[in-house]
Amino acid sequence: MIANWKEVMLGDVCNIIPGFAFKSKDWSEEGIPVLKIKNITSNNTVDLSDVDCVPSDLLSSKLERFILKDGDIVLAMTGATAGKVGKLRTDEKVLLNQRVAKIEPVHADRDFIWAVVSSKEYQRRFFHLADGAAQPNMSGSQIEGVPLRLPPIGQQHRIGQFIASYDNLIDVNHRRIALLEEMTRR
């Protein structure tokens with residue numbers, strides 16, 4: 001099975017899109033939420049409960065490539081949490097901030113890529129890419145250069161679907177727990 005897997009670089013099968021550098025004057029309390037490093041949790045999710053926003057009228061054609069959608073994979077590129085990954089779960093429009101990258105599978109199964117990059121091994125790899133003594137940083141091109149073993153697309157789909165079914169079950173259970181905790185507080 002593994003004999004027909006090929007070695008590729010992440011950038012061969014995914015677009016790596018670093019976020020946009022919003023100006024401090026752009027921030028507001030209402031508008032379009034902006035995903036920052038602080039929103040990527042240690043359990044590979046994205047928490048939008050404490051999110052900063054930019055006004056809706058700021059959205060232009062140049063910002064469209066930074067619009068995130070449900071299921072997008074994001075990666076922290078800077079700081080002590082460099083290498084941390086999360087999967088966005090939302091129905092609302094969210095923008096991508098600087099120092100966070102979107103990993104967008106193009107020539108690979110999204111669920112398979114998620115399974116790979118969300119593993120502890122790959123999070124360590126990403127963290128070790130970050131260089132700089134005072135503030136660890138990694139670039140988009142460094143992320144693109146990360147190697148991975150890639151099975152044929154049919155196997156990617158089967159592996160990805162198998163893992164996605166477990167991820168969905170975990171997600172449902174997290175929501176149930178949150179509802180039960182809320183009911184307990186009331």
# chains A, B, ... in the order shown; residues from 1 in each chain; ligands from 1
$ residues_around --residues "range 26-39 of chain A" --least-positions-apart "3" --cutoff "10 Å" --atoms "only C-alpha atoms" --output "VMD selection string"
chain A and resid 19 to 20 22 to 23 42 45 to 59 66 to 68 74 to 79 81 to 82 84 to 86 88 92 to 101
$ residues_around --residues "range 171-181 of chain A" --least-positions-apart "3" --cutoff "12 Å" --atoms "only C-alpha atoms" --output "ChimeraX atom specification"
/A:43-46,87-89,164-168,184-186
$ closest_residue --among "A:Gly145, A:Pro152, A:Gly83, A:Gly140" --to "Lys6 in chain A" --atoms "only C-alpha atoms"
A:Pro152
$ closest_residue --among "A:Met138, A:Leu169, A:Val117, A:Met183" --to "Glu104 in chain A" --atoms "only C-alpha atoms"
A:Val117
$ residues_around --residues "Leu129 in chain A" --least-positions-apart "6" --cutoff "8 Å" --atoms "only C-alpha atoms" --output "compact mmCIF listing (two decimals) with N, CA and C atoms, in the first residue's frame"
# COMPACT_ATOMS: atom_id res chain seq x y z
N ASN A 137 9.56 32.68 13.70
CA ASN A 137 8.76 33.00 12.52
C ASN A 137 9.01 31.97 11.43
N MET A 138 7.99 31.69 10.65
CA MET A 138 8.17 30.88 9.45
C MET A 138 7.52 31.61 8.29
N GLN A 142 8.74 28.49 3.37
CA GLN A 142 9.21 27.41 4.24
C GLN A 142 8.10 26.36 4.42
N ILE A 143 6.88 26.82 4.59
CA ILE A 143 5.75 25.89 4.73
C ILE A 143 5.59 25.07 3.45
$ atom_distance --atom1 "CA of Gln155 in chain A" --atom2 "CA of Ala115 in chain A"
13.1 Å
